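Asks: After the structure tokens below, expect a handful of questions from me.
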Protein chains: 2
Amino acid sequence: MARIVKKFGGTSVGDVERIQNVARVIKSEHDAGNEVVVVVSARSGVTNDLIARAKAINPNPTDREMDMLLVSGEQETIALTAMALQALGVDAVSMTGAMAGIRTEPFHTRARIVSMDCKEIVHNLEANRVVIVAGFQGAGNQGQITTLGRGGSDLSAIALAKGVDADLCQIYTDVDGVYTADPRIVPKARKLTEISYEEMLELASLGTKVMQARSVEFSNKYNVPFEVRSSFNNNPGTIVKEEVSSMEDVVVRGVALDKNQAKVMIANIPDKPGSAARIFEGLSEANVVVDMIIQNIGRNGVANLTFTVPRDDTDRASQAVERILSELGGGEVTFVSDIAKLSVVGIGMRSHSGVASQLFSALGEAEANIQLISTSEIKISVVIDESESDHATRVVHTVFGLDKE
Amino acid sequence: MARIVKKFGGTSVGDVERIQNVARVIKSEHDAGNEVVVVVSARSGVTNDLIARAKAINPNPTDREMDMLLVSGEQETIALTAMALQALGVDAVSMTGAMAGIRTEPFHTRARIVSMDCKEIVHNLEANRVVIVAGFQGAGNQGQITTLGRGGSDLSAIALAKGVDADLCQIYTDVDGVYTADPRIVPKARKLTEISYEEMLELASLGTKVMQARSVEFSNKYNVPFEVRSSFNNNPGTIVKEEVSSMEDVVVRGVALDKNQAKVMIANIPDKPGSAARIFEGLSEANVVVDMIIQNIGRNGVANLTFTVPRDDTDRASQAVERILSELGGGEVTFVSDIAKLSVVGIGMRSHSGVASQLFSALGEAEANIQLISTSEIKISVVIDESESDHATRVVHTVFGLDKE
């Protein structure tokens, strides 16, 4: 007998038929003699509908009321999922985040989990009931209803797996695992059997849409292994867990390509102390996340600055930069949108040298010009032309031996 | 300064514009220096949608899960209403039934309120906030989410008025008060300024759709006066309160007509002990509410039985009666659908005689044949032909002096 936490996202519980499908998956786990805790999100579309209705009434609602509103979405799904299980003859109870003992900071819309009190869940599991918990929500110390922010349901699942001391935590998604590359770009991409937290974290932060980085960080911090798998088939997924030494045998675990990037080049910035800091402050105030920064000082004492920003934020970034340049009294800015960020990731890089030169020669072979480079302990990223990026990804995938088992 | 509870039903908060309209009504009360507690229902249609989704998944969900599901409807409305007030510059907080301190029996789908703990609401009122409470819901002693059954939001409002010691409780509806008769039938019907709990109770139980009888019973039990008024205009409504002696000056307060009735006549029932009891037991098991019962024994020792049932329940009643008659071994049943129940109601009847004879002579004048009669301390009801009932109601309205102020 194992104790298992299963998390299903909004697409998996999007309508009556899908909820019934999820119930069948849960039932077969329960029939096999296992204890099952289920975390569900709101039906896909519901949260956006609620937000649209809120914005029509008040463009700036308080965070407290936004939380009160949004949790109603999950509350519907937990009850419907419990009913679907009951229809299959499985005893099930639903719980809000508060009832499930998810205690958070008293801050709304992005509360962090501070403790888990899972007695009530365990009591129900021991009574042979499946427990369905509303994802994304918790309660502050005064009973305030809080939410955990984007990707919060994954976080709920991992925290519950820790809280009930689960043997396994399964995150059901619309992909059936983590791949060596995006299979739509690289037909030879393979599903990974396992991957370390850190590699998953780098892939998540590179825009591989399987999971939010903060859920992976949380699982890393509390060492909660989890499996990413599909809610539409029964194939084994990818286990994300603490690294073991054998994982280092593979130098590069995967290749990620992020096309939602734009390059910002600022030339002739007056070389006063704090100029660069002022620019990045302004971008931060405008809520723009900056990546891959390169600064160099030109011959005539003026600085050049290059960095990337999410392509969707180009307008906001542009307004912020123009405003600060006029404050600083100089500098010309150029935006380049048709770029892509290609990254190779692998904990094996720590103990293997030559990865960078191998990557650069692969890119040369693919005739892709490298515009920017950044590296971390387990990752090398380069910015190249978007038009060359799909082909380059396939070449890099082959060069690092990822095409074969 | 007054402390006021205002309750708005599902139609009043049916869409974004209506919620904004409700917010303006609340704001003007708050601007006048009053403390305001607001009770809202789910948007009209939402509860039925949720029930339909539940039934598609499980025809017999547990009551617990049904409650978990349905409360999500009000939770959406309270947050949106609070946001609408915030958009108008009024500080507002929303509360679930549990947060508002509505403590109920631990029974689901029709829990009775056992106590009110309104400290948190009062604390917020004193901080100059409008408090928006989810109607229809409460919490059991273990924190279980419960609902109060049909008409539960009215009950929430009246219980909160008691709990916060309100000066006034206003029930906003789609009618603008209680009338001497249905204005669609009797054009000369007048809105009543005030009416006693008992009269309101009789009118509610006669199918006048302003409020559920149990909310009126609750307000009677705890002596919480309330006003029924329209959410679509600013006219004063009808005050429902404890009777005062001057109310007895009016013999008949109103005339009610209930066309949702059918007459059941059973002839030649074998005259064994318990035959009638067996028939009514069977109807009760089939969830049919029986009204206006008349039994008489025929010459040859067989009993005849006549009673009325809600017209919508005719099929269920018919199946139940046929089954029991075949058990009893005799009796023929006839259903008559085209009847109506006309009632005159007034606490003045207690101290005035001659109301019955005046009613019967009015019905004679209207050429309406009386088929059945039943009386209570403050009400006389008769069953007449449906085709004659509108005209008869107008004649009775005039005869009892209700046409004029």
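Just remember, in the structure tokens the first chain shown is A, the second B, etc., residues are 1-based per chain, and ligands are 1-based in the order shown.
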Need to verify the contact set: Pro106 in chain B, 7 Å, only C-alpha atoms, exclusion of same-chain residues closer than 5 positions in sequence. Can you return it as a PyMOL selection string?
Replies: chain B and resi 111+140-141+144
Asks: May I have the residues of chain A within 8 Å of chain B, counting only C-alpha atoms, written as JSON, numbers by chain?
Replies: {"A": [16, 20, 53, 54, 56, 57, 58, 59, 60, 61, 62, 65, 66, 68, 69, 70, 72, 73, 75, 76, 77, 78, 79, 80, 82, 83, 84, 86, 87, 93, 94]}
Asks: Please list as a list of chain:residue names every residue within 10 Å of Gly401 in chain A, counting only C-alpha atoms and excluding residues in the same chain fewer than 4 positions away.
Replies: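 Surrounding residues, per the criterion: A:Val250, A:Val251, A:Val252, A:Arg253, A:Val396, A:His397, A:Glu405.
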Asks: With distances taken over only C-alpha atoms, which of A:Ala277, A:Ile324, A:Val131, A:Ala166 is nearest to Pro225 in chain A?
Replies: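 Closest to Pro225 in chain A, using only C-alpha atoms: A:Ala166.
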Asks: Restrict the calculation to only C-alpha atoms, then for each residue of range 114-138 of chain A with any atom at most 10 Å from an atom of range 26-40 of chain A give the closest atom pair and their distance in Å to one decimal, rows by chain and rising residue number, as CSV.
Replies:
residue,atom,partner,partner_atom,distance
A:Ile121,CA,A:Val37,CA,8.0
A:Val122,CA,A:Val37,CA,9.3
A:Asn124,CA,A:Glu35,CA,9.7
A:Leu125,CA,A:Glu35,CA,6.0
A:Glu126,CA,A:Glu35,CA,8.0
A:Ala127,CA,A:Glu35,CA,9.8
A:Asn128,CA,A:Glu35,CA,7.3
A:Arg129,CA,A:Glu35,CA,7.9
A:Val130,CA,A:Val36,CA,5.4
A:Val131,CA,A:Val37,CA,4.9
A:Ile132,CA,A:Val38,CA,4.7
A:Val133,CA,A:Val39,CA,4.8
A:Ala134,CA,A:Val40,CA,5.7
A:Gly135,CA,A:Val40,CA,5.4
A:Phe136,CA,A:Val40,CA,8.7
Asks: Which residues, written as a ChimeraX atom specification, have at least one atom at most 6 Å from range 306-317 of chain A, with only C-alpha atoms counted and residues fewer than 3 positions away on the same chain left out?
Replies: /A:260-265,290-294,320
Asks: Mind checking DSSP for range 53-262 of chain A and telling me the helix (DSSP H, G or I) residues as a VMD selection string?
Replies: chain A and resid 53 to 57 63 to 87 119 to 126 152 to 163 197 to 205 213 to 221 245 to 249
Asks: Would you mind telling me which residue in B:Ser343, B:Ser215, B:Ser389, B:Asn234 lies nearest to Ser376 in chain B when using only C-alpha atoms?
Replies: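 That would be B:Ser343, the residue with the smallest distance to Ser376 in chain B.
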Asks: Could you tell me which of B:Val178, B:Ala356, B:Val321, B:Ala340 comes closest to Ala392 in chain B if we count only C-alpha atoms?
Replies: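 Closest residue, counting only C-alpha atoms: B:Ala340.
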Asks: For Phe232 in chain A, which residue among A:Gly177, A:Gly254, A:Gly89, A:Gly354 is the nearest when counting only C-alpha atoms?
Replies: A:Gly177
Asks: Neighbours of Ala256 in chain B within 12 Å (only C-alpha atoms; same-chain residues fewer than 6 positions away dropped), as a ChimeraX atom specification?
Replies: /B:178-183,185-186,189,199-200,202-209,340-346,379-383,389-390,392-394,396-397
Asks: Quick one: residues within 12 Å of Ser326 in chain B, only C-alpha atoms, excluding same-chain residues fewer than 6 positions away - as a ChimeraX atom specification?
Replies: /B:269-270,275,278-279,319-320,332-333
Asks: Report, in Å with one decimal, the straight-line distance from CA of Val228 in chain A to CA of Ile171 in chain A.
Replies: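 According to the coordinates, CA of Val228 in chain A and CA of Ile171 in chain A are separated by 4.9 Å.
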Asks: A:Val5, A:Val25, A:Phe218, A:Glu227: which is nearest Ile113 in chain A, counting only C-alpha atoms?
Replies: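 So, comparing all the options, the nearest one is A:Phe218.
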Asks: Name the closest residue to Arg18 in chain B among the candidates B:Thr398, B:Gln371, B:Ser153, B:Ser231; distances are taken between atoms, counting only C-alpha atoms.
Replies: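 The shortest atom-to-atom distance to Arg18 in chain B comes from B:Ser231.
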Asks: Have a look at CA of Gly45 in chain A and CA of His108 in chain A and let me know their distance in Å, one decimal.
Replies: 21.5 Å
Asks: Report as a PDB file with N, CA and C atoms, in the first residue's frame: the residues of range 19-163 of chain B with a DSSP assignment of strand (DSSP E or B), based on the backbone of this structure.
Replies:
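What landed in part-v3.pdb:
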ATOM      1  N   GLU B  35     -24.545  52.097   9.457  1.00  0.00           N
ATOM      2  CA  GLU B  35     -23.746  50.872   9.366  1.00  0.00           C
ATOM      3  C   GLU B  35     -24.539  49.858   8.550  1.00  0.00           C
ATOM      4  N   VAL B  36     -23.887  49.243   7.581  1.00  0.00           N
ATOM      5  CA  VAL B  36     -24.638  48.371   6.672  1.00  0.00           C
ATOM      6  C   VAL B  36     -24.023  46.973   6.586  1.00  0.00           C
ATOM      7  N   VAL B  37     -24.848  45.968   6.835  1.00  0.00           N
ATOM      8  CA  VAL B  37     -24.488  44.569   6.577  1.00  0.00           C
ATOM      9  C   VAL B  37     -25.336  44.131   5.389  1.00  0.00           C
ATOM     10  N   VAL B  38     -24.705  43.512   4.401  1.00  0.00           N
ATOM     11  CA  VAL B  38     -25.415  43.120   3.190  1.00  0.00           C
ATOM     12  C   VAL B  38     -25.371  41.595   3.059  1.00  0.00           C
ATOM     13  N   VAL B  39     -26.502  41.004   2.736  1.00  0.00           N
ATOM     14  CA  VAL B  39     -26.550  39.565   2.466  1.00  0.00           C
ATOM     15  C   VAL B  39     -26.883  39.397   0.991  1.00  0.00           C
ATOM     16  N   VAL B  40     -26.104  38.604   0.260  1.00  0.00           N
ATOM     17  CA  VAL B  40     -26.425  38.369  -1.150  1.00  0.00           C
ATOM     18  C   VAL B  40     -26.525  36.873  -1.435  1.00  0.00           C
ATOM     19  N   ALA B  92     -15.155  47.937   1.930  1.00  0.00           N
ATOM     20  CA  ALA B  92     -16.068  46.794   2.088  1.00  0.00           C
ATOM     21  C   ALA B  92     -15.271  45.507   2.206  1.00  0.00           C
ATOM     22  N   VAL B  93     -15.773  44.576   3.022  1.00  0.00           N
ATOM     23  CA  VAL B  93     -15.169  43.239   3.112  1.00  0.00           C
ATOM     24  C   VAL B  93     -16.256  42.188   2.950  1.00  0.00           C
ATOM     25  N   SER B  94     -15.900  41.097   2.290  1.00  0.00           N
ATOM     26  CA  SER B  94     -16.853  40.008   2.116  1.00  0.00           C
ATOM     27  C   SER B  94     -16.553  38.913   3.134  1.00  0.00           C
ATOM     28  N   MET B  95     -17.577  38.185   3.523  1.00  0.00           N
ATOM     29  CA  MET B  95     -17.408  37.058   4.456  1.00  0.00           C
ATOM     30  C   MET B  95     -18.278  35.895   4.030  1.00  0.00           C
ATOM     31  N   ILE B 102     -22.199  32.408  11.378  1.00  0.00           N
ATOM     32  CA  ILE B 102     -23.500  31.725  11.325  1.00  0.00           C
ATOM     33  C   ILE B 102     -23.279  30.249  11.646  1.00  0.00           C
ATOM     34  N   ARG B 103     -23.594  29.864  12.883  1.00  0.00           N
ATOM     35  CA  ARG B 103     -23.357  28.482  13.325  1.00  0.00           C
ATOM     36  C   ARG B 103     -24.652  27.678  13.176  1.00  0.00           C
ATOM     37  N   THR B 104     -24.523  26.520  12.543  1.00  0.00           N
ATOM     38  CA  THR B 104     -25.713  25.709  12.276  1.00  0.00           C
ATOM     39  C   THR B 104     -25.585  24.321  12.885  1.00  0.00           C
ATOM     40  N   ILE B 113     -30.132  27.154  11.946  1.00  0.00           N
ATOM     41  CA  ILE B 113     -29.173  28.011  12.636  1.00  0.00           C
ATOM     42  C   ILE B 113     -29.282  27.756  14.137  1.00  0.00           C
ATOM     43  N   VAL B 114     -28.142  27.523  14.798  1.00  0.00           N
ATOM     44  CA  VAL B 114     -28.198  27.304  16.245  1.00  0.00           C
ATOM     45  C   VAL B 114     -27.675  28.501  17.035  1.00  0.00           C
ATOM     46  N   SER B 115     -26.733  29.247  16.462  1.00  0.00           N
ATOM     47  CA  SER B 115     -26.271  30.442  17.171  1.00  0.00           C
ATOM     48  C   SER B 115     -25.581  31.387  16.199  1.00  0.00           C
ATOM     49  N   MET B 116     -25.413  32.627  16.643  1.00  0.00           N
ATOM     50  CA  MET B 116     -24.768  33.642  15.813  1.00  0.00           C
ATOM     51  C   MET B 116     -23.629  34.237  16.631  1.00  0.00           C
ATOM     52  N   VAL B 130     -18.430  48.374   5.119  1.00  0.00           N
ATOM     53  CA  VAL B 130     -19.636  47.620   4.796  1.00  0.00           C
ATOM     54  C   VAL B 130     -19.248  46.146   4.777  1.00  0.00           C
ATOM     55  N   VAL B 131     -20.067  45.301   5.385  1.00  0.00           N
ATOM     56  CA  VAL B 131     -19.771  43.867   5.438  1.00  0.00           C
ATOM     57  C   VAL B 131     -20.748  43.128   4.520  1.00  0.00           C
ATOM     58  N   ILE B 132     -20.187  42.350   3.587  1.00  0.00           N
ATOM     59  CA  ILE B 132     -21.009  41.601   2.631  1.00  0.00           C
ATOM     60  C   ILE B 132     -20.952  40.126   3.009  1.00  0.00           C
ATOM     61  N   VAL B 133     -22.083  39.552   3.367  1.00  0.00           N
ATOM     62  CA  VAL B 133     -22.118  38.175   3.859  1.00  0.00           C
ATOM     63  C   VAL B 133     -22.795  37.262   2.830  1.00  0.00           C
ATOM     64  N   ALA B 134     -22.221  36.085   2.630  1.00  0.00           N
ATOM     65  CA  ALA B 134     -22.814  35.087   1.737  1.00  0.00           C
ATOM     66  C   ALA B 134     -24.070  34.521   2.380  1.00  0.00           C
ATOM     67  N   GLN B 137     -25.683  30.080   3.666  1.00  0.00           N
ATOM     68  CA  GLN B 137     -24.674  29.149   4.152  1.00  0.00           C
ATOM     69  C   GLN B 137     -24.263  29.424   5.593  1.00  0.00           C
ATOM     70  N   GLY B 138     -23.766  28.405   6.254  1.00  0.00           N
ATOM     71  CA  GLY B 138     -23.241  28.526   7.599  1.00  0.00           C
ATOM     72  C   GLY B 138     -22.172  27.472   7.812  1.00  0.00           C
ATOM     73  N   ALA B 139     -21.814  27.230   9.070  1.00  0.00           N
ATOM     74  CA  ALA B 139     -20.818  26.210   9.373  1.00  0.00           C
ATOM     75  C   ALA B 139     -21.262  25.438  10.607  1.00  0.00           C
ATOM     76  N   ILE B 145     -19.016  22.940   6.153  1.00  0.00           N
ATOM     77  CA  ILE B 145     -19.794  23.925   5.420  1.00  0.00           C
ATOM     78  C   ILE B 145     -21.206  23.389   5.240  1.00  0.00           C
ATOM     79  N   THR B 146     -22.199  24.170   5.678  1.00  0.00           N
ATOM     80  CA  THR B 146     -23.593  23.738   5.596  1.00  0.00           C
ATOM     81  C   THR B 146     -24.411  24.768   4.819  1.00  0.00           C
ATOM     82  N   THR B 147     -25.583  24.363   4.337  1.00  0.00           N
ATOM     83  CA  THR B 147     -26.502  25.324   3.736  1.00  0.00           C
ATOM     84  C   THR B 147     -27.855  25.221   4.435  1.00  0.00           C
TER      85      THR B 147
END
